[in-house]
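Text of the file final-v8.cif, holding mmCIF, C-alpha atoms:
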```cif
data_entry
loop_
_atom_site.label_atom_id
_atom_site.label_comp_id
_atom_site.auth_asym_id
_atom_site.auth_seq_id
_atom_site.Cartn_x
_atom_site.Cartn_y
_atom_site.Cartn_z
CA MET A 79 73.39 106.82 97.84
CA ILE A 80 73.33 103.29 96.48
CA SER A 81 76.78 103.97 95.01
CA LEU A 82 78.14 104.95 98.42
CA PHE A 83 76.78 101.75 99.93
CA LEU A 84 78.27 99.69 97.10
CA VAL A 85 81.66 101.43 97.51
CA LEU A 86 81.73 100.59 101.23
CA LEU A 87 80.66 97.01 100.49
CA MET A 88 83.20 96.58 97.67
CA THR A 89 86.10 97.82 99.81
CA LEU A 90 84.97 95.74 102.82
CA PHE A 91 84.78 92.63 100.61
CA GLY A 92 88.27 93.27 99.24
CA SER A 93 89.58 93.64 102.76
CA LEU A 94 87.80 90.51 104.03
CA GLY A 95 89.28 88.62 101.07
CA GLY A 96 92.77 89.60 102.19
CA PHE A 97 91.93 88.79 105.81
CA PHE A 98 90.85 85.22 105.05
CA PHE A 99 93.84 84.74 102.73
CA LYS A 100 96.00 85.73 105.69
CA LYS A 101 94.10 83.30 107.95
CA ALA A 102 94.84 80.54 105.41
CA GLY A 103 98.47 80.92 106.46
CA ASP A 104 97.63 79.14 109.75
CA TYR A 105 97.47 75.91 107.74
CA PRO A 106 99.91 74.18 105.37
CA LEU A 107 99.75 75.26 101.74
CA GLY A 108 97.97 72.61 99.65
CA LEU A 109 95.02 70.28 99.56
CA ASN A 110 93.81 70.20 103.16
CA ILE A 111 90.30 71.11 104.27
CA PRO A 112 91.03 74.00 106.71
CA PHE A 113 93.35 75.70 104.20
CA LEU A 114 90.88 75.28 101.33
CA MET A 115 88.02 76.59 103.51
CA LYS A 116 89.91 79.80 104.35
CA VAL A 117 91.07 80.29 100.77
CA GLY A 118 87.53 79.55 99.54
CA THR A 119 86.01 82.11 101.92
CA GLY A 120 88.66 84.70 101.05
CA GLY A 121 88.29 83.95 97.36
CA THR A 122 84.51 84.37 97.53
CA PHE A 123 84.87 87.80 99.18
CA TYR A 124 87.66 88.75 96.78
CA LEU A 125 85.57 87.73 93.75
CA ALA A 126 82.48 89.52 95.11
CA GLY A 127 84.60 92.66 95.57
CA ALA A 128 85.94 92.33 92.04
CA LEU A 129 82.44 91.94 90.54
CA LEU A 130 81.20 94.94 92.53
CA ASN A 131 84.23 96.87 91.24
CA ILE A 132 83.32 96.05 87.64
CA TYR A 133 79.67 96.97 88.27
CA LEU A 134 80.59 100.23 90.01
CA LEU A 135 82.65 101.24 86.99
CA THR A 136 79.36 101.34 85.06
CA LEU A 137 77.74 103.62 87.69
CA LEU A 138 80.60 105.97 88.55
CA PRO A 139 83.50 107.42 86.57
CA TYR A 140 86.74 105.43 86.60
CA THR A 141 88.40 108.51 88.11
CA VAL A 142 86.21 108.11 91.20
CA VAL A 143 86.16 104.33 91.59
CA TYR A 144 89.93 104.04 91.23
CA PRO A 145 91.15 106.13 94.19
CA ILE A 146 88.20 105.07 96.36
CA THR A 147 89.45 101.48 96.14
CA SER A 148 92.19 102.46 98.61
CA VAL A 149 89.49 102.62 101.33
CA THR A 150 90.05 98.83 101.35
CA TYR A 151 93.25 99.34 103.35
CA ILE A 152 91.45 101.30 106.06
CA TRP A 153 89.20 98.26 106.58
CA THR A 154 92.34 96.07 106.55
CA MET A 155 93.91 98.12 109.34
CA LEU A 156 90.73 97.64 111.43
CA LEU A 157 90.53 93.88 110.75
CA SER A 158 94.27 93.43 111.46
CA ALA A 159 94.00 95.27 114.77
CA ILE A 160 90.79 93.61 115.99
CA PHE A 161 91.19 90.02 114.82
CA LEU A 162 94.95 89.54 114.36
CA HIS A 163 96.10 91.83 117.19
CA GLU A 164 98.58 93.56 114.92
CA THR A 165 99.77 96.96 116.09
CA ILE A 166 98.52 99.85 113.98
CA THR A 167 101.39 102.32 114.17
CA ALA A 168 101.30 105.98 113.20
CA LYS A 169 103.54 105.09 110.24
CA LYS A 170 100.92 102.67 108.90
CA ILE A 171 98.08 105.18 109.26
CA ILE A 172 100.06 107.99 107.61
CA GLY A 173 101.12 105.51 104.90
CA VAL A 174 97.51 104.60 104.06
CA LEU A 175 96.55 108.30 103.98
CA LEU A 176 99.48 109.04 101.62
CA ILE A 177 98.41 106.15 99.37
CA SER A 178 94.83 107.48 99.27
CA GLY A 179 96.05 111.01 98.54
CA GLY A 180 98.41 109.72 95.86
CA SER A 181 95.58 107.74 94.25
CA VAL A 182 93.47 110.88 93.98
CA LEU A 183 96.37 112.70 92.27
CA LEU A 184 96.76 109.83 89.78
CA VAL A 185 93.27 110.40 88.39
CA LEU A 186 93.25 114.22 88.32
CA MET B 158 119.14 97.95 113.88
CA SER B 159 116.38 100.58 113.80
CA ARG B 160 112.73 99.55 114.06
CA PHE B 161 112.27 100.72 110.49
CA THR B 162 114.86 98.37 108.98
CA GLN B 163 113.73 95.59 111.35
CA SER B 164 110.20 95.93 109.99
CA ILE B 165 111.43 95.85 106.38
CA LYS B 166 113.60 92.82 107.09
CA LYS B 167 110.83 90.94 108.93
CA ASN B 168 108.41 91.45 106.01
CA SER B 169 110.93 91.37 103.13
CA THR B 170 109.83 88.12 101.42
CA GLY B 171 106.19 89.17 101.75
CA ILE B 172 106.99 92.62 100.33
CA ILE B 173 108.67 91.13 97.24
CA LEU B 174 105.85 88.62 96.63
CA MET B 175 103.19 91.31 97.16
CA THR B 176 104.92 93.56 94.61
CA PHE B 177 104.51 90.80 92.01
CA ALA B 178 100.90 90.24 93.17
CA ALA B 179 100.26 93.96 92.62
CA PHE B 180 101.70 93.77 89.09
CA PHE B 181 99.46 90.86 88.07
CA THR B 182 96.41 92.44 89.71
CA SER B 183 96.99 95.65 87.75
CA LEU B 184 97.34 93.60 84.53
CA GLY B 185 94.01 91.94 85.35
CA GLN B 186 92.29 95.28 85.91
CA MET B 187 93.72 96.65 82.68
CA PHE B 188 92.10 93.78 80.77
CA TRP B 189 88.79 94.41 82.58
CA LYS B 190 89.02 98.01 81.45
CA LEU B 191 89.57 96.81 77.87
CA SER B 192 86.62 94.41 78.22
CA ASP B 193 84.12 97.24 78.86
CA ALA B 194 82.37 94.84 81.28
CA GLY B 195 81.28 92.63 78.37
CA ILE B 196 81.72 88.85 78.30
CA ASN B 197 84.79 88.63 76.05
CA PRO B 198 88.39 87.36 76.01
CA SER B 199 89.64 90.52 77.75
CA LEU B 200 87.31 89.95 80.70
CA ILE B 201 88.36 86.31 80.98
CA GLY B 202 92.05 87.15 80.55
CA GLY B 203 91.58 89.81 83.22
CA PHE B 204 90.25 87.19 85.61
CA GLY B 205 93.28 84.99 84.79
CA PHE B 206 95.77 87.68 85.80
CA TYR B 207 93.64 88.75 88.76
CA PHE B 208 93.59 85.11 89.91
CA LEU B 209 97.38 84.88 89.59
CA GLY B 210 97.64 88.07 91.65
CA ALA B 211 95.39 86.53 94.31
CA VAL B 212 97.52 83.35 94.47
CA LEU B 213 100.68 85.41 94.97
CA MET B 214 98.85 87.43 97.62
CA ILE B 215 97.90 84.26 99.55
CA VAL B 216 101.53 83.09 99.51
CA SER B 217 102.82 86.55 100.37
CA PHE B 218 100.69 86.78 103.55
CA ARG B 219 102.69 83.87 104.98
CA PHE B 220 105.73 86.12 105.14
CA GLY B 221 104.58 89.16 107.07
CA SER B 222 101.79 91.16 108.73
CA LEU B 223 98.43 91.69 107.03
CA SER B 224 98.42 95.39 107.96
CA VAL B 225 101.80 95.81 106.23
CA LEU B 226 101.37 93.61 103.17
CA HIS B 227 97.77 94.26 102.10
CA PRO B 228 98.19 98.04 101.55
CA LEU B 229 101.26 97.31 99.41
CA LEU B 230 98.85 96.09 96.72
CA SER B 231 98.47 99.80 95.97
CA LEU B 232 101.80 99.52 94.12
CA GLY B 233 99.48 98.11 91.45
CA TYR B 234 98.09 101.65 90.96
CA ILE B 235 101.54 102.72 89.81
CA PHE B 236 101.96 99.68 87.55
CA ALA B 237 98.49 100.47 86.14
CA LEU B 238 99.58 103.99 85.27
CA PHE B 239 102.61 102.77 83.36
CA LEU B 240 100.57 100.05 81.62
CA GLY B 241 98.03 102.70 80.62
CA VAL B 242 100.71 105.02 79.28
CA PHE B 243 102.51 102.22 77.45
CA LEU B 244 99.40 100.70 75.85
CA VAL B 245 97.07 103.65 75.39
CA GLY B 246 99.72 106.29 74.74
CA GLU B 247 98.47 108.66 77.43
CA THR B 248 100.83 111.31 78.75
CA ILE B 249 101.92 111.54 82.37
CA GLU B 250 101.55 114.96 83.92
CA PHE B 251 103.08 116.52 87.00
CA THR B 252 100.08 115.62 89.18
CA HIS B 253 100.53 111.95 88.23
CA PHE B 254 104.18 112.05 89.22
CA SER B 255 103.18 113.66 92.53
CA GLY B 256 100.65 110.86 93.04
CA ILE B 257 103.29 108.20 92.36
CA VAL B 258 105.66 109.86 94.83
CA LEU B 259 102.95 109.96 97.53
CA ILE B 260 102.05 106.28 97.00
CA ILE B 261 105.70 105.22 97.14
CA LEU B 262 106.19 107.27 100.33
CA GLY B 263 103.09 105.63 101.80
CA VAL B 264 104.31 102.15 100.84
CA VAL B 265 107.76 102.82 102.34
CA LEU B 266 106.21 104.10 105.59
CA ILE B 267 103.94 101.07 105.88
CA GLY B 268 106.73 98.63 104.98
CA GLY B 269 108.88 100.12 107.72
CA GLY B 270 105.98 100.73 110.07
CA ASP B 271 105.49 97.32 111.70
CA ASP B 272 105.97 97.11 115.45
#
```
Before we go any further, please render this structure as structure tokens.
Amino acid sequence: MISLFLVLLMTLFGSLGGFFFKKAGDYPLGLNIPFLMKVGTGGTFYLAGALLNIYLLTLLPYTVVYPITSVTYIWTMLLSAIFLHETITAKKIIGVLLISGGSVLLVL
Amino acid sequence: MSRFTQSIKKNSTGIILMTFAAFFTSLGQMFWKLSDAGINPSLIGGFGFYFLGAVLMIVSFRFGSLSVLHPLLSLGYIFALFLGVFLVGETIEFTHFSGIVLIILGVVLIGGGDD
């Protein structure tokens, strides 16, 4: 149960990391406050996701944690649609499902 | 031009940068695996490569949609498999090849799936 919660949290953090890294693109690359704030926020989520990933590897088998990481991209589709107004096409959804399926096959 | 090739063209720079980001991220994770979650050079080296992957990811996102580019990080799963085989001497079986084919199909669909 706690593992399931941690898996959802880890994948959400990974996705939020990517989201804020994308938001950083609204500002010029370099040493300016808005850019550093977005990168800092994204980096914090990304690092938290990474630490949770390492911790989860001690709770669950590698063969489980590895393919489950692709849940991250389901969160990304949601964040992209809601906050960036990107269109989630059937191709993207099928693509994510294929990636998840492929990940499972890699660890069998 | 079809919508598929338009999508690939629109995101092309991002796709190339994200492929490199995926490679460095997979290198980072390989070193974490070797670290056994202990505080040691492998863990720190892993963070170094993971950090490099993150930097490339940040740059990559400037050249395309988040919903296209972020899932492409899964190319790292394929790099990881080859790194594992090369370094640990594991053998690849048919199921692994099937998995690689599915992931590549998924990546191609997403790359060509932008509106």
Within 7 Å of chain A, which residues of chain B show up when using all atoms listed in the file, listed as a PyMOL selection string?
-> chain B and resi 194+215+218-219+223-224+227-228+252-253+255-257+259-260+263-264+266-267+270-272
Chain and number of each residue from the PyMOL selection byres ((chain B and resi 188) around 8), as an MDAnalysis selection string = chainID B and resid 184:187 189:192 199:200 202:203
Can I get the selected residues back with C-alpha atoms, as an mmCIF file, in the coordinates of the input?
```cif
data_model
loop_
_atom_site.group_PDB
_atom_site.id
_atom_site.type_symbol
_atom_site.label_atom_id
_atom_site.label_comp_id
_atom_site.auth_asym_id
_atom_site.auth_seq_id
_atom_site.Cartn_x
_atom_site.Cartn_y
_atom_site.Cartn_z
ATOM 1 C CA LEU B 184 97.340 93.600 84.530
ATOM 2 C CA GLY B 185 94.010 91.940 85.350
ATOM 3 C CA GLN B 186 92.290 95.280 85.910
ATOM 4 C CA MET B 187 93.720 96.650 82.680
ATOM 5 C CA TRP B 189 88.790 94.410 82.580
ATOM 6 C CA LYS B 190 89.020 98.010 81.450
ATOM 7 C CA LEU B 191 89.570 96.810 77.870
ATOM 8 C CA SER B 192 86.620 94.410 78.220
ATOM 9 C CA SER B 199 89.640 90.520 77.750
ATOM 10 C CA LEU B 200 87.310 89.950 80.700
ATOM 11 C CA GLY B 202 92.050 87.150 80.550
ATOM 12 C CA GLY B 203 91.580 89.810 83.220
#
```
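Atom CA of Val216 of chain B to atom CA of Ile172 of chain B spans 11.0 Å [interatomic distance, one decimal].
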Can you turn the PyMOL selection byres ((chain B and resi 174) around 8) into a concrete residue list for this file, as a PyMOL selection string?
-> chain B and resi 170-173+175-178+213-214+216-217
Who sits within 10 Å of Phe236 of chain B, all atoms listed in the file, same chain under 5 positions skipped, as a PyMOL selection string | chain B and resi 176+179-184+231+241-242+257
